[in-house]
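> The structure's right below; bear with me while I get my questions together.
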Amino acid sequence: MTDATPALDLRERTDDEGRERLARIERTWASPTGFLGWFMPVNHTAIGRRFIVTSFVFFLLSGVLALAMRLQLLVPLNDLLTPDQYNQIMTVHGTAMMFLFAIPAMEGVAIYVAPLMIGARDMAFPRLNAFGYYVYLIGGSAFFLSLFLGMAPAAGWFNYVPLSNKEFAPGYGVDIWTTMITFIEVSALTAAVELIVTIFKLRAPGMSLNRLPIFVWAVLVMSFMMLFAMPSVIVASAMLMMDRLVDTQFFVTEGGGSPLLWQHLFWFFGHPEVYIILVPALGIVTTIIVTFTQRPVFGYTALVLAMVGIGMVSFGLWVHHMYTTGLPLMGRSFFMAASSMIAIPSGVQVYCWIATMWGAKIRFATPMLFVLCFFAVFIAGGLTGVMVASVPFDRQVHDSYFVVAHFHYVLVGGAVFPLMAGLYYWFPKMTGRMMSERLGWWSALLIFLGFNLTFFPMHQLGLEGMPRRVYTYVPEMGWQFLNQLATAGSFVLAAGFGLTLINAIRSVFCGEVAGDNPWNATTLEWATASPPLNSNFPQPPVIDSHTPIWDWQQDDERPVVGGLRDDRRETLVTTLLDARPAMVQVLPGPTPWPFVSAVAASVGFIGLIFSPWFYVVGILAVFATFVLWFWPRHPYREE
Amino acid sequence: MHVRVTVDASEHPSYDPHHHPLWWGVLGAVAIEAAVVATLLTSYFYLALQSPAWPPEGVDPPDLLWPTIVLCLLPASSWTMWWAGKGSDAGRKRQLAIGVTASVAIASLALVARSVQFTELDIRWDDHAYGSMLWTITGFHYTHIVSAILGTAVVSVLAWRGYFTPERQLGVVVDTLYWYFVAAVFLPIYLVLYWVPRVLS
Ligand code: HEM
Ligand SMILES: [Cu+2]
């Protein structure tokens, strides 16, 4: 044992031996630098940061597309965009917001924060993590590029057949959608497996499942949902791809196929997807509430059960997107009842939050401000949700702007506000610097006002009969005033996001230095330096409660793991339920192979847009790179 | 703040294939693939139940001979994988090498049977949704056999070169797990593709 005597935290040791050891550990876990180095890092902090930055870039781009749509709808019979351009922009906006922004942003936060929160030094499969990122980057960029080439998909983000068949959607647009979305889902699946295994096996000793931080529970639920929801959209996309490429008949009525099969498969994924985005957001919100009230969460078990419940129930709701497709009454009634049931676990969550905040001295910093915005907006979206869950109401407003208003309240409320809260909350951890509070307040205010100004009028527009997905309208309909409000609002909204962007960029360079734990939070990501050390924890922590950092402060003592080697990447593996130490895992270091494999896979997928033979080419190419990736290096290292 | 070392990592082994995260990772991959198969089979039933005739008029259900041969070959190859793993556990490198090579050989036979079957199908993929399902599900499983064979071929090369030791057998353990899955998943596929049309019509 290297640290037999009680010693200071390795980072606070001033003697030579302590400093040298820390430097040795940090060298072992360092990522390479330079241009070639960019293709090699595998540390979860590096990959998580890339996911977050990339997803916010896609958010920005999709937001610009939204502004273009709003400008087009500013006045009746506007000709800023042609109908086809509008359809492409609308489809790319919707698809990118869902698949390239919301999900990857949540994955990114999870990949960055969850391993730190459980006291791990890295994730279980660091190379796979890197592979997933490159797949996402390449797939997402190729998807967006199609818009600039004027060959983007234009059949809406859910690509209903027969509109998306070769006959009604000639050209490569829908093919780009099916291949690139499948490709990006592969990346989501790798992240899901990675997160599950990391959370199951790499927790700090003593962090039994009932001491898992709520955010990590949320990530776990999200990952399991991805595991079971994504295959459905992958199968559906593959079938559509084949219908278009080699004339299979899955969705062709004359050939014995069924267009409704597409809708079932898509929504069996599509509804849970909304919760895949929402559940980690709930985790972020809970984490922030705990920190800014400085007290443990009320009703831990109830909160966890509620999240698991939401995850499970959400797989039984998909038909509420299909009320107008002529399903039997019995089926519709069943799904109407099921859809209303989701209100129960959601209610439990809200009560637990209220109870946590009740009587506490709340600190109203920017993250907490965004959490309050989340409450207001998300609850409003939930209310219209209960309305559209009812069959008779939905049949009136289906495919109208009422639905556009509803889902933006849920998605922006349920994902964007929590992500903004999370950004302000974890920014100091990621960069070592605080963001400006003053700019943060202004940004939150503008976003909240701009959002409501944009989307609240859309409820009324929907009730007045304005259909969604129209590129223009005639003056006689009287929709102009409300549309102008919405367009004005969208620019206020954009200004709000612009402030946060400026704030982030400025703070990276000249924000106030944050220190390890600026919010006095209690979860483990705050027990390392800001930004985290290469090894996360030179001496990984040992846990015996829900609120480790607060307890250590009280005892002025911190239990840790000793005996990990300094000269290779070692992390402790623990048992599934009660996190007893079981073995030591040796993790791989920086390597370019994940990048090479991702490029090989991209060639296969992008080729599929043009020829079915790329299926074979892709599989063989990926296999070859995998062999090189996993091939034991000579001389076999002593392991 | 003082630190106290309460857990000593050096007491724990760095090689325990049954605790290793990779084992769990492969389990995750298996769960995903199982979900894909379940989705495909559900789609098959969805289309079957709303068609007036399944298979369509004038099309025979696929022949039973070849799939039944595959159904026997795959468990046989799983048994040789298991036997190879026993050898590896006991440090008998030769048994390991022979076992995995035998599995690759038996599975290659299954692949031949599978290929013959493609040529004998009574319907093309673009004739009718029934044909599309048949070809797609068969092709999906075909791809799995191919990838299991390729992966295990690499393992057997390493085995003949004496790479695996009882401490280094993780590759064998996870490859075997995947192999069992590829063999097991054929059973529902077999029942649905070859027996359901006979029962339905
Ligand atoms: C931030 C400001 C946003 C604005 C101003 C905005 C605006 C719009 C507009 C104008 C449409 C087109 C409506 C139509 O023509 O039917 C639309 C559609 C859509 N938006 Fe947004 N949006 C925003 C954010 C988001 C976010 C954050 C998400 C998801 C996370 C999202 C997801 C969607 C989806 C899925 C569609 C449907 C596309 C389709 O009909 O296929 N939006 N949005
Ligand atoms: Cu839904």
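Following the order of the structure tokens, chains are lettered A, B, ..., residues in each are numbered from 1, and ligands are numbered from 1.
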Excluding same-chain residues fewer than 3 positions from Ala281 in chain A, what lies within 12 Å of it counting only C-alpha atoms, as a PyMOL selection string?
chain A and resi 102-103+105-107+109-110+214-219+221-222+274-278+284-288+307+370-371+374-375+378+410-423
> Keeping only C-alpha atoms, write the selected residues to a file as an mmCIF file, in the first residue's frame.

data_model
loop_
_atom_site.group_PDB
_atom_site.id
_atom_site.type_symbol
_atom_site.label_atom_id
_atom_site.label_comp_id
_atom_site.auth_asym_id
_atom_site.auth_seq_id
_atom_site.Cartn_x
_atom_site.Cartn_y
_atom_site.Cartn_z
ATOM 1 C CA ALA A 102 -31.404 17.199 -27.927
ATOM 2 C CA ILE A 103 -30.337 13.571 -27.621
ATOM 3 C CA ALA A 105 -26.576 17.060 -25.792
ATOM 4 C CA MET A 106 -28.051 14.857 -23.069
ATOM 5 C CA GLU A 107 -25.588 12.105 -23.948
ATOM 6 C CA VAL A 109 -23.739 15.883 -20.343
ATOM 7 C CA ALA A 110 -24.174 12.283 -19.192
ATOM 8 C CA ILE A 214 -30.441 11.166 -8.838
ATOM 9 C CA PHE A 215 -28.819 12.469 -12.009
ATOM 10 C CA VAL A 216 -27.040 9.159 -12.482
ATOM 11 C CA TRP A 217 -30.312 7.306 -12.007
ATOM 12 C CA ALA A 218 -31.791 9.529 -14.691
ATOM 13 C CA VAL A 219 -28.920 8.706 -17.034
ATOM 14 C CA VAL A 221 -33.135 5.221 -17.188
ATOM 15 C CA MET A 222 -32.343 7.248 -20.314
ATOM 16 C CA VAL A 274 -39.358 12.606 -25.881
ATOM 17 C CA TYR A 275 -38.761 11.001 -22.492
ATOM 18 C CA ILE A 276 -35.216 10.036 -23.411
ATOM 19 C CA ILE A 277 -34.694 13.771 -23.611
ATOM 20 C CA LEU A 278 -36.840 14.637 -20.612
ATOM 21 C CA ILE A 284 -30.304 17.970 -14.017
ATOM 22 C CA VAL A 285 -33.150 19.871 -12.401
ATOM 23 C CA THR A 286 -33.079 17.739 -9.251
ATOM 24 C CA THR A 287 -29.303 18.089 -8.947
ATOM 25 C CA ILE A 288 -29.526 21.849 -9.187
ATOM 26 C CA MET A 307 -38.327 8.187 -13.167
ATOM 27 C CA PHE A 370 -33.492 28.467 -15.584
ATOM 28 C CA VAL A 371 -34.943 25.732 -13.379
ATOM 29 C CA PHE A 374 -38.417 25.068 -16.721
ATOM 30 C CA PHE A 375 -41.200 24.686 -14.139
ATOM 31 C CA PHE A 378 -42.894 22.570 -18.867
ATOM 32 C CA VAL A 410 -42.580 20.376 -23.837
ATOM 33 C CA LEU A 411 -39.306 20.177 -25.746
ATOM 34 C CA VAL A 412 -37.933 23.625 -25.055
ATOM 35 C CA GLY A 413 -39.341 23.514 -21.536
ATOM 36 C CA GLY A 414 -38.250 19.953 -20.911
ATOM 37 C CA ALA A 415 -34.875 19.985 -22.634
ATOM 38 C CA VAL A 416 -33.560 23.441 -23.496
ATOM 39 C CA PHE A 417 -34.198 25.160 -20.160
ATOM 40 C CA PRO A 418 -32.679 22.305 -18.129
ATOM 41 C CA LEU A 419 -29.717 22.202 -20.522
ATOM 42 C CA MET A 420 -29.173 25.931 -20.093
ATOM 43 C CA ALA A 421 -29.403 25.444 -16.337
ATOM 44 C CA GLY A 422 -26.897 22.613 -16.605
ATOM 45 C CA LEU A 423 -24.604 24.708 -18.775
#
> Contacts from chain A to chain B, 6 Å maximum, only C-alpha atoms: show me the residue list as a list in words.
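Result: Pro6, Ala7, Leu8, Asp9, Val193, Leu227, Pro231, Asp247, Thr248, Gln249, Phe250, Gly255, Gly256, Gly257, Asp556, Glu557, Arg558, Pro559, Val560, Val561, Gly562, Gly563, Leu564, Met583, Val584 and Gln585 of chain A.
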> Produce as a ChimeraX atom specification the set of residues near ligand 1, where near means within 6 Å with only C-alpha atoms and all ligand atoms considered.
/A:63,66-67,69-70,90-91,94,97-98,102,156-157,408,411-412,468-470,490
> Within 8 Å of ligand 2 (counting only C-alpha atoms and all ligand atoms), which residues show up? I'd like them as an MDAnalysis selection string.
chainID A and resid 267 270:272 274 314 317:321
> Write the selection just made, keeping C-alpha atoms, as an mmCIF file, in the first residue's frame?

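selection.cif, written as the output of this step:
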data_model
loop_
_atom_site.group_PDB
_atom_site.id
_atom_site.type_symbol
_atom_site.label_atom_id
_atom_site.label_comp_id
_atom_site.auth_asym_id
_atom_site.auth_seq_id
_atom_site.Cartn_x
_atom_site.Cartn_y
_atom_site.Cartn_z
ATOM 1 C CA TRP A 267 -43.777 6.312 -32.841
ATOM 2 C CA GLY A 270 -40.718 8.587 -31.213
ATOM 3 C CA HIS A 271 -42.746 8.819 -28.071
ATOM 4 C CA PRO A 272 -40.111 7.322 -25.747
ATOM 5 C CA VAL A 274 -39.358 12.606 -25.881
ATOM 6 C CA SER A 314 -43.675 5.864 -22.037
ATOM 7 C CA LEU A 317 -48.217 5.543 -25.329
ATOM 8 C CA TRP A 318 -47.123 5.714 -28.937
ATOM 9 C CA VAL A 319 -50.578 5.325 -30.446
ATOM 10 C CA HIS A 320 -51.653 8.767 -29.202
ATOM 11 C CA HIS A 321 -49.798 10.132 -32.227
#
> Which residues come within 8 Å of Glu120 in chain B, counting only C-alpha atoms, excluding same-chain residues fewer than 3 positions away, as number ranges by chain?
B: 62-63, 116-117
> Which residue, A:Ile181, A:Ala120, A:Val403, A:Ala191, has the smallest gap to Tyr133 in chain A when you use only C-alpha atoms?
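Going through A:Ile181, A:Ala120, A:Val403, A:Ala191 one by one, the smallest distance to Tyr133 in chain A is for A:Ala191.
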> Please determine, counting only C-alpha atoms, which residue among B:Thr68, B:Ser77, B:Thr101, B:Thr119 has the shortest atom-to-atom distance to Trp160 in chain B.
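Nearest candidate to Trp160 in chain B out of B:Thr68, B:Ser77, B:Thr101, B:Thr119: B:Thr101.
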> Skip range 92-94 of chain B itself and residues of its chain fewer than 3 positions away, then list as a list in words all residues within 9 Å of it, counting only C-alpha atoms.
Ala84, Lys86, Gly87, Ser88, Asp89, Ala97, Ile98, Gly99, Ala159, Trp160, Gly162, Tyr163, Phe164 and Thr165 of chain B
> Generate the output file for the selected residues, all heavy atoms, as a short mmCIF file (atom, residue, chain, number, x, y, z; two decimals), in the first residue's frame.

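Output saved as part_10.cif:
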data_model
loop_
_atom_site.label_atom_id
_atom_site.label_comp_id
_atom_site.auth_asym_id
_atom_site.auth_seq_id
_atom_site.Cartn_x
_atom_site.Cartn_y
_atom_site.Cartn_z
N ALA B 84 -14.38 -25.49 -25.95
CA ALA B 84 -13.14 -24.71 -26.08
C ALA B 84 -12.92 -23.86 -24.83
O ALA B 84 -11.81 -23.77 -24.32
CB ALA B 84 -13.22 -23.82 -27.32
N LYS B 86 -13.97 -24.44 -21.80
CA LYS B 86 -13.52 -25.34 -20.72
C LYS B 86 -12.01 -25.51 -20.78
O LYS B 86 -11.32 -25.42 -19.78
CB LYS B 86 -14.16 -26.73 -20.88
CG LYS B 86 -15.58 -26.83 -20.37
CD LYS B 86 -15.60 -27.13 -18.90
CE LYS B 86 -16.62 -26.24 -18.28
NZ LYS B 86 -16.57 -25.78 -17.02
N GLY B 87 -11.53 -25.76 -22.01
CA GLY B 87 -10.09 -25.97 -22.17
C GLY B 87 -9.32 -24.74 -21.77
O GLY B 87 -8.31 -24.81 -21.06
N SER B 88 -9.83 -23.59 -22.18
CA SER B 88 -9.14 -22.35 -21.87
C SER B 88 -9.10 -22.12 -20.36
O SER B 88 -8.09 -21.72 -19.81
CB SER B 88 -9.86 -21.22 -22.60
OG SER B 88 -9.58 -20.00 -22.01
N ASP B 89 -10.23 -22.41 -19.67
CA ASP B 89 -10.26 -22.27 -18.21
C ASP B 89 -9.16 -23.09 -17.56
O ASP B 89 -8.55 -22.67 -16.58
CB ASP B 89 -11.62 -22.76 -17.67
CG ASP B 89 -12.67 -21.67 -17.77
OD1 ASP B 89 -12.28 -20.50 -17.90
OD2 ASP B 89 -13.87 -22.00 -17.73
N ALA B 97 -7.89 -24.06 -29.03
CA ALA B 97 -7.69 -23.79 -30.46
C ALA B 97 -8.55 -24.72 -31.31
O ALA B 97 -9.20 -24.29 -32.26
CB ALA B 97 -6.21 -23.94 -30.80
N ILE B 98 -8.56 -26.01 -30.95
CA ILE B 98 -9.36 -26.96 -31.74
C ILE B 98 -10.83 -26.61 -31.65
O ILE B 98 -11.56 -26.58 -32.65
CB ILE B 98 -9.11 -28.39 -31.23
CG1 ILE B 98 -7.65 -28.77 -31.50
CG2 ILE B 98 -10.06 -29.37 -31.92
CD1 ILE B 98 -7.26 -30.12 -30.93
N GLY B 99 -11.28 -26.28 -30.43
CA GLY B 99 -12.71 -25.99 -30.22
C GLY B 99 -13.19 -24.81 -31.06
O GLY B 99 -14.19 -24.91 -31.77
N ALA B 159 -5.67 -18.03 -30.89
CA ALA B 159 -5.57 -19.23 -30.06
C ALA B 159 -4.44 -20.13 -30.55
O ALA B 159 -3.65 -20.64 -29.76
CB ALA B 159 -6.89 -19.98 -30.07
N TRP B 160 -4.35 -20.32 -31.87
CA TRP B 160 -3.27 -21.17 -32.40
C TRP B 160 -1.91 -20.56 -32.11
O TRP B 160 -0.92 -21.26 -31.96
CB TRP B 160 -3.44 -21.40 -33.90
CG TRP B 160 -4.51 -22.42 -34.20
CD1 TRP B 160 -5.71 -22.19 -34.79
CD2 TRP B 160 -4.47 -23.83 -33.91
NE1 TRP B 160 -6.44 -23.34 -34.87
CE2 TRP B 160 -5.70 -24.38 -34.35
CE3 TRP B 160 -3.53 -24.67 -33.32
CZ2 TRP B 160 -6.01 -25.72 -34.22
CZ3 TRP B 160 -3.83 -26.01 -33.19
CH2 TRP B 160 -5.06 -26.53 -33.64
N GLY B 162 -1.19 -19.18 -29.48
CA GLY B 162 -0.94 -19.32 -28.05
C GLY B 162 -1.10 -18.04 -27.27
O GLY B 162 -0.53 -17.87 -26.20
N TYR B 163 -1.90 -17.11 -27.80
CA TYR B 163 -2.05 -15.83 -27.10
C TYR B 163 -2.81 -15.99 -25.79
O TYR B 163 -2.48 -15.38 -24.78
CB TYR B 163 -2.75 -14.82 -28.00
CG TYR B 163 -3.22 -13.60 -27.28
CD1 TYR B 163 -2.32 -12.61 -26.87
CD2 TYR B 163 -4.57 -13.41 -26.98
CE1 TYR B 163 -2.74 -11.50 -26.19
CE2 TYR B 163 -5.00 -12.28 -26.29
CZ TYR B 163 -4.08 -11.33 -25.90
OH TYR B 163 -4.50 -10.22 -25.23
N PHE B 164 -3.88 -16.79 -25.80
CA PHE B 164 -4.77 -16.83 -24.63
C PHE B 164 -4.17 -17.65 -23.49
O PHE B 164 -3.70 -18.76 -23.69
CB PHE B 164 -6.12 -17.41 -25.01
CG PHE B 164 -6.86 -16.56 -25.99
CD1 PHE B 164 -6.97 -16.94 -27.32
CD2 PHE B 164 -7.42 -15.36 -25.60
CE1 PHE B 164 -7.63 -16.15 -28.22
CE2 PHE B 164 -8.09 -14.56 -26.51
CZ PHE B 164 -8.19 -14.95 -27.82
N THR B 165 -4.21 -17.10 -22.31
CA THR B 165 -3.86 -17.81 -21.10
C THR B 165 -5.10 -17.69 -20.21
O THR B 165 -5.99 -16.89 -20.52
CB THR B 165 -2.66 -17.16 -20.41
OG1 THR B 165 -3.01 -15.79 -20.14
CG2 THR B 165 -1.43 -17.20 -21.28
#
> Using Å and a single decimal, report how far CA of Glu26 in chain A sits from CA of Thr571 in chain A.
13.9 Å
> Can you list, as number ranges by chain, every protein, DNA or RNA residue that comes within 7 Å of Gly440 in chain A when you count only C-alpha atoms, leaving out same-chain residues fewer than 4 positions away?
A: 366, 436, 444, 500
> Could you write those residues out with C-alpha atoms, as a short mmCIF file (atom, residue, chain, number, x, y, z; two decimals), in the first residue's frame?

data_model
loop_
_atom_site.label_atom_id
_atom_site.label_comp_id
_atom_site.auth_asym_id
_atom_site.auth_seq_id
_atom_site.Cartn_x
_atom_site.Cartn_y
_atom_site.Cartn_z
CA THR A 366 -28.65 31.64 -12.98
CA SER A 436 -21.22 36.04 -15.71
CA ALA A 444 -32.77 33.83 -18.88
CA THR A 500 -25.48 33.06 -23.34
#
> Using only C-alpha atoms, pick whichever of A:Val235, A:Phe623, A:Leu453, A:Trp442 has the shortest atom-to-atom distance to Ala148 in chain B.
A:Phe623
> Name the residues in contact with Pro126 in chain A at a cut-off of 7 Å, using only C-alpha atoms, excluding same-chain residues fewer than 6 positions from it; report them as a PyMOL selection string.
chain A and resi 42-44
